[in-house]
Structures are given as structure tokens and as C-alpha cells.
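Take a look at the structure set out below.
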Amino acid sequence: MNTVLLDRQQHKSNILLTTTRKSLGKAQHKFHNGKEGTSNKPQIFHAEKRDRTTTVISTTARLTKGMKVFAPHQEHVWSSARVNDIEKDGKITIRFHDQTVKSLAANTWLPLAGDYDYLECDDLGQISLLSKAAVLDCVRSRYSHQVFYVRAGNTLLAVNPFETFPLLYGNQAVNDYLQRAQELSPHVFSVADKTYNHLCRQVDDSNQSIIISGESGAGKTCSARYIMKYLTSIGTHNASNITPADHIEMKILDSNPILEAFGNAQTKKNDNSSRFGKFIQIQYSDNFQIAGAFLETYLLEKTRVISHAAGERTFHIFYQMLCGVGPEEQLEWKLPTSNHQAYKYVGDYWLTPETDCETWQATREAMTDVGLSTHDQNDIFKVLSAVLHLGNVSFHHSSDVDAVVVNMNSLDSASGIDYAASLLGVEAGQLPTVLTVRTITASHRRRHSVFHKPCDAGECTTRRDCLAKMLYNRIFQWLVEFINVNICASDVFNRKFIGLLDVYGFESFENNSLEQLCINYANEKLQQHFVENYIKMQEEEYLAEGFHWQPLDYEDNHNSVQLLEGTPGIFSLLNEECSLMRESEAPAVADRILAQLSSSLLSRPDAGAAMSHRSSRPSGSSHMPAFTVLHYAGSVIYEVENLVEKNKDKIPEELVGLLQGSQNTFIRSLFTCVQDENCNHDSKKRQNQTVLSKFKSSLMSLMSVLNRSKPHYIRCVKPNCASRARFFDSRYVMSQLEACGILQTVQIAKAGFPDRLTYVEFSNRYGCLLKRNTPGHTKSRQSIGSGSSRSSANRIMPCTVSHEASAPQHGQCALEEQGFAQEVTMMVVQKVFGQCSGGLSNVIQCGKRKIFLKDGLVEKLEVLMGEVWHCCAVCIQRNWRRHMHEKQIRRHREEVMRQHAACMLIQAVFRGWHVRKRQTRRKVASVAIQHAWHHYVARNKARQQLEASLLEKSLKRERDRLSGEHVKLIQQTYSSVLDLANNLERKTAMGDSIQFSPSHRTNQADTVAVVTSQMPLLSAQVCLTLYDALDEIRQGAGIYRNIPHLFHKEGILSKRRMPQVNIRFHTKANSILKNAHLLPRKEIDCNISDCL
């Protein structure tokens, strides 16, 4: 966008201004289309601190009838109007939109107004006719359409809507900005996305920080909460295969409800005001995933525990605990009643109980999620209950002991001291003694004397309040330490981080004391950081780079900061008062501050009230000891009463010793840490350190961290002081815009270049946008460093330039590298934007060592580089896949060959093994068969011998039993059979055949029957004996060649000559004669029993 500001020396008519705006619009349109603008650079005008005489001439000369201007308005401060008439004497008549006519003097300066659609104006730098009135009108118009964000250079202007918009901050909105944040309207999500992208870009290798500032109630805490939600959503969105319970992001988010419950309170300006400073470092791993977080807090407002102004509340956790406590917890925590009015520290109740009950549940769930066990939570709430009971303890003067003691006549006081002692784990008599008696230690050389002095009622109350503040402060610090242990990464010093700063806003109450002085000092330091790092540093850098730059007029709060922290300064004088061994008187302290510090920013309250319209000091208070400081955001009256005592913040040693000897392990652990600021009394320097000194030291440490990181600013604006929704107080908003320097920010954003990179950094990052085959690229590379021996093939990127020169030539090589990087930068600019001079000089400037770009150009380069990286990634992936595929094929072939060789080897080995196994089995089987056969033969032989012996024994017994008559009969029968056999043999040998016909068969049978009838019946044993006899005969006569079928079942059928040759008898085996089919030969070892 081109810059046009009104100047007191420029006299142009309305037609000339309109023509200029049209030409600028055309150039802007061509620039967005990637083409060169044809219009010349517009002339720059300035409208700050005009000379009254010159204004009269320029106003009447440049205004014409019908021109649209901004005119002063009683309600809206500035309102758009039309010039109705210009009289001869220079008076101007204007007409507002409501048709109200107003006459203005001739010397009234009216800024010109344009016809803008402010809803499309996402950046205040897009307003060509820039003025305070135009900025105010843009913010007001967008707020009326429920558009609460607008960019002002590198700063996001956020107006608090004072109502909930789920669609504006819901999960769908988070997903939309995760996908296309650059295309959407300004939002806190867009700032978080830009910060994360800068961290991932790693151009300058620096950490990032988001600084949220604004008045109390402007929405800083909510903005910080939404930014943390978005940053943790990036980690959850990019992570995979991890359940939500395992994310460190969830623990980081769960720390918010805990810190808000224990560190926020309701004030007159804000229902959820942060009463402490908070700086969260969200730590990232090498792949830019959230690895942890580290939380650092600053200056908890401890005094709010014991007192707060009317209409305000103490910390939220007390009200949440009283509303959400159950019967069992109420008994365990010794809370006899949950009525908030029964506890003096709590005071009035201004929020609805339903809200506190809901936040109580959220707080308990968050405490469980971060790792606090039920036992730890009970210990914490017991301490908070003890603090509540301490507030009910009162003191009175006792006539019996002539000293101030605890008022045991009061039921609340008596029960309060007993409950507090029980909850703190100390004896009931020790706590009243410590609160009412002071111990004084006197040392003289090697002698130490201890004295006990009773305290008056005021000192007793102070000691009671000191104990309550110390307990609550230690609980808060313990919670912060516990959260850090559970969410902080191990290697915290090696981590990149995004810092999120949420501090208390600028405050100005009816009663301002040490807390407001520290809070406003912190805001002054942040404003100074903004001025030095964004306005002053940029102007100095432009001049150092050789720019033709006209310095702007801006408010520098350096004098305000020096008034507070300088030497001498307010802080140093208050610290000196604390070091004096005497009581300080408020009027004397105020007079000393006003006398020793002569500054136009410091005055007495009566003079300061007329200096600032923002002072809310009530009338009639100028006689009180106080002083007024004119801050960048307005004047504030600080009361000196109790200011020195608060700065000392001295804690009696008796209170610390009492809690260190507590029987409660948790209480004892809180106060045994030697590093605690309230417990460490070994170091005298540490003991004498004041609140201002500690706060200044911690703030300096914070500023050093911010200076080492790249800042991103969010200016929160409160639309009205009543915290009402949909109500825009123009005068109140205008004072905030003037205080934070929004107009100067926009002016620098329009005329300046927020993004700047050295030539080496630019070429290293964006040199990939150049193609290797670009003719101009090769030519320019060859023309650079002609004296060098490096070829153009080795000069593609500056990061690849090799330094062949020796050590004395290092400076020359560095110059050559910078020159080459500058040439590469010019080629990238020419390739991407068309040209590097002329029409683009208003968006790109080249200095001596750096290139400066307007806001948005780096994002365009990043998009183009992303496309180049995408193409390179596709090419790499394609070649890598081809390489992997070829490698896979080769591996497959080798694997097949290996498998084939392995198969052959396995088959050969298996065959050999199988043959050997078969032969082995055969051998083993043959041995087994032989063994079994031998065993079988031996067993049969033994059985036969056994049977033969048994048979012989039975025959012997039978022979002995048989009578002689039977023996004779057998012998006769045997002789007859033998004769018959012999006859048959003879006839057979003679060739006669004996045949039995059927008719003769009867005779034969009769013959046999006769023979058998004459023989008595023989038993089996007798038959066996007969056969044995026949066997003996056969063996004795030798082998009979021709044996008739004596035992054939059909009888003897015929008798014929037997053949002369040896033949085999074919007989049929049966169940009786098992071996009948065998030829009875000599070699066959058988007997009659075998035939049977």
C-alpha cells in the first residue's frame, strides 16, 4: 500500500487528492496482480504538530464544498461530516450524518476522510488518508459490526467485546486458521500462526515472543488463553498415533484454570483481573512439536489476601472453595460454615454463586490433570482454610497481663485461632504467643541476648496479616513450581520457545499504592521495549542502511522509566527509606521525593489533577501525602502512606520458625527451602532486598529474554470503562490509542518495512526460487567475482560458496560472498516481483547489508518457496522410489538366487540324510528282526523241549498206570497194523492195484469195524503212544519213499504202483493235522505231536 499523509506545506485541491487516490488504487491493484505499477512514488506528507498559522491557510485552501472530512464531536471525539460551506472569513460550516450543522473557526484543522469500507480494511495501513480520526473511525465501525480485530503494522489491535462468541474462538475457527490463516481476517489465532511459522522458518535463528499489553480489563488474559489454545492445537494437529491424554499440551492448558483461580481477582475495572505477571515459554523440539513449557511469575499482589477495596474481591479460589466445598471436605478442612460473610478476609460477594461453582469444578479437574493428588489438594485447601480463619482473629488489651492478647471472648476469634493452629499443625498456645510477642536478638561480640517484647494491637494485626500473606504466597509459588516440574522439558536451555507474556495492565484507582506503582512500571518497560524495538530501532536501522528517511514524531517514555528506576529515582529513594533504622513518616517521604526529583513528569496531586484528564483521584485528597507521576497512559496519584512498609515486606523470624517446626509435613516442606525469599535469612543482602528491588531485578531478566527474541505485539483495547458489551466509548478508546502509540505504529508500518533480512540470509533461504537454466542467473553468477577461480556450476547458492582463500584473504572472501548474495537477492526479486526498482521501490528497499520488504511479501515468498520445495520433494520422492524399486528388484533377484542355491543345498543334504537314515533304519530293522527271530526260535525250542519233557512225564505216568493187558492189546494192534502196512507195500511194489468199489466199501468198513471192534477204546494218551511207536519204526527203517494215504479222510480209494521217483505229497492241511501238507523228510524236525 502506498503512503499518503497530509502535510501543512502541501496545498492540493480535492480533485488532485482524488486523482492521487485513484492512481494509488491502480498501482496497488497492479501490485497485487504481480505486475509493475506505472505511477510514480507518491509524495509523503506529515500531519503532526502543525503550526496554527499555516493550518489556517492550508485548511481553507484544500477544503471545498462537499468534501468529506472528520470533525470534532462531543460524543464520538471525531465524526465524519461534509463541508457544507466555507465563508469568506474562513469559517467552516459542516453537516454530520444526523444532519446536525456545526460552525467551526477558520483555524480548525479537519483531517480528510475517504469513502472506505472499514469491514474490508483489515490493516490500518490500508487507510491512505491516515489520521487519528480515521483510525478511531475504523476501529469504531468494525466494533459496531462485531469485528474486534484489526492490524496496525506488526501489531494486532484487539477490542474486548465483553461477551462470548463461541464461533469466533471455537474448534472450527482453530481448524480454519490452521489451514489458511493468511487468507482469513485478523485474529489472535493469526498472530499465533505467524509466530509459529517464524519459529519454524529459522531465518534469524531466534526465539519468538508474543507481548500482550493493555489496560486492566482489556482482555489480555483471554487473549493469552486463546493463543495457548491455538499453539497447543498445532501440536495436537501435527501429532499422530498419540492419545490426547499423553499430550503435554493438555497439561499446559490445564495450568490456566489453576493460575487464574489462585492469581486472579475481581476489581472495579475487570471481573477477572490478573494480579500477577506471567511469562510462559512454550518449548519446542527439533521437529517443532511442543516438548514442554516453563512458567515464570512476577509480583503476586499478596496484599489482596488481607484487604481489598469496596466493590472488589480477593482471589477467586476462596469464593470457589466456599461455594463448592462438600460436607466431608467442610469437616476435614474445618470450615464450620460456607457463608462467605463469616470470614473477614473474603468480604463482599459480587459474582453469582453458580459461576464460582462452575469454576470450582474446572479448577479441581485441572489440578487433578496436572498431577496433583487428592492428598496434595487437601493440604493446599487446609492452608487456605487456615488463612480464612486467621482473618477472624482479633486482639484486645487484657488487664490481667497488661498486654495485648488474642480476643478469646469473641467466638469468631477464639474458634479462628484454634482452627488455624490445628490446620497449620502447631500447638494451640504457640500461635497466639508468636502473634502477640516479638522476639528481639541483640548481639555484642560473642554474646547474644534474646528479649521478648509484647506487641501493641496494631503490631499484632500486622503480624497476623503477614502470616496470612506469607502462607498464600508460598502456596502460589509451590503450585507454580509443581506445574513447572510436570510440564517443563528436560533440556530447557537447548529448546526453541515461543514466549507468551501476560502481565497486569495499566492501573489507576482511587487508592494507588506500591502494587500499582510496580504494575505501571512494568507497563512502562513494555512500552519502552515497543518503542525501542519497533520505532526507534527501525528508524536507526533505516538511517544506517542509507535510506532517505524523515524521522517521525512519537512519544518516547524514556524519561518516565528513568523517573522510576533511575539514580536518583522513585525506586532508589524508597529503598533508601527502607534501609534507614527509623520509622518513616509519609509527609516527609513525599516531600523528599518531590524535592530531589525535579521532573516535569512528577508533581504534587493538586497540580497533577489538572495535568491529566485520566486521573480518578477524588476531590479533597490533595492534602494527603502523595505524588503524581505522568505515565505514558496518563497520570496516577500514589499514596505514600504505608508505601515504605510495603516495600520492606519484612517477615518476622518467629513466624517462619513456627511453621518450620510444624507437625504437618506439607507445611514444613513449604518453609524449609533455603532458596525461598522469605525463608533465607543467611544472606544479609538477600534479607535486606526490598520488593521494588526484587521486582526490578525479575523484570530486567524478563526484558533480556524479550530482547533476545523476535517480538509480536497485541494491543488490547477496552471499549468502555464500565465493561459493558456493545458499548463503544470513543473518548475512552481514543485515550488508549494515543497512549500506546497506535498512530505512530501505523505510520511506520506504512512508510517502513517490517520484514528485513541480510543478503546472505535471503539468498540462502530464497535462492531456490531461481532455476539453474535461467540465462540471467548464469550470466550474473559468472560476472560476480571474475577474479575467482570458482566456476558458475559451483555458484548456484551462496551457502555453497567455498572459501579457498587463506586466512589473510578471509575478509575479501566475505565481501565476495556478500556481493554474490546481493546479486542472487536481486535476481530473486526480479524473478518473483518483476523488477527490483522503480515501481516496487515503495514495497522493497535494498540497503547496504539488508533487503527490506513490506508486510506480506515474505509470506508470498514463503508460498513460492513452498511450491519449489514441493516440486523438489516430488522429484526426490520419484527418484527415491525408482531407486528403491530397482534396489528391491535387485534384492529380489539376489534373494531368488540365494533361495535357489539354498534349496539345492538343502535337497542334497536332505537326500544324503534320508539315504543314511533309511540305511540305518534297515540295519536297525534287520538286527531287530534277527534278534526277534533268534528269540522266537529259542523260545519255540525251549517250549518244545518243555512240552516233550512234560509229555514224557505224562506218558511215563500213563505207562505206569496202564495194566499189562492194555499193553498187550496195543502191541497186538500195532503188530496187525504193521502187517497190514507191509502187505500194502508189497502189493504196491508188485504193481497190483487194489480197488474198492462201492460195494466192497462196506466190506472194508466191516473189516475195519471188525478190527476196531475187537480193540477196546483207547484214550488220547494211548493213541499218542501208538503214533510214537509208528514214528520210531519209521525212523528206524529209514525214509519211506512210498507212503500210502493212511490217514485220508475218504479212506483208501485205490492201490496202484507208486512212481519210482521222489514226489511230493499233496495233502490238505486241516485243524487236526496242521503239518499234513508237508513231506515228512528227515531234515524236518517233527513228531507226531506236530501232526496233531
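Identifiers in this document derive from the order of the C-alpha cells: chains are assigned A, B, ..., residues are numbered from 1 separately in each chain, and ligands are numbered from 1 in order of occurrence.
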Problem - Polymer residues at most 12 Å from A:Glu332, only C-alpha atoms, same-chain spacing of 6 or more positions, as a ChimeraX atom specification - result: /A:325-326,375,378-379,381-383,385-386,419,422-423
Exercise for the section: Skip A:Lys91 itself and residues of its chain fewer than 3 positions away, then list as a ChimeraX atom specification all residues within 12 Å of it, counting only C-alpha atoms. Expected result: /A:56-57,59-60,63,83-88,94,102-109
Compile the contact shell of A:Arg731 as a short mmCIF file (atom, residue, chain, number, x, y, z; two decimals) with C-alpha atoms, in the first residue's frame: residues with an atom at most 8 Å away, counting only C-alpha atoms, same-chain residues fewer than 5 positions apart removed.
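This went into out_9.cif:
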```cif
data_model
loop_
_atom_site.label_atom_id
_atom_site.label_comp_id
_atom_site.auth_asym_id
_atom_site.auth_seq_id
_atom_site.Cartn_x
_atom_site.Cartn_y
_atom_site.Cartn_z
CA GLU A 75 -19.60 12.27 21.97
CA HIS A 76 -17.59 10.48 19.26
CA VAL A 77 -14.49 12.73 19.54
#
```
Handout entry: Contacts of A:Arg82 within 9 Å, only C-alpha atoms, excl. fewer than 5 positions in-chain, as a ChimeraX atom specification
Key = /A:65-71,93-97
Problem - Interatomic distance, atom CA of A:Lys750 to atom CA of A:Trp549 (Å, one decimal) - result: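 Computing it gives 12.7 Å between the two atoms.
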Practice task
For A:Val858, work out the shell of residues within 12 Å, counting only C-alpha atoms and skipping chain neighbours fewer than 5 positions away, then give it as a VMD selection string.
Solution key: chain A and resid 182 194 197 to 198 201 203 753 to 757 762 765 to 766 829 832 to 833 843 to 844 851 to 853 863 to 866
Practice task
Would you return as an NGL selection string the members of stretch 517-684 of chain A that DSSP assigns to alpha helix (DSSP H) on this structure's backbone?
Solution key: :A and (517-530 or 537-544 or 558-565 or 570-579 or 586-596 or 605-611 or 643-648 or 653-660 or 665-670 or 684)
Practice task
Report the distance between atom CA of A:Met228 and atom CA of A:Asn256 in Å, rounded to one decimal place.
Solution key: 9.3 Å
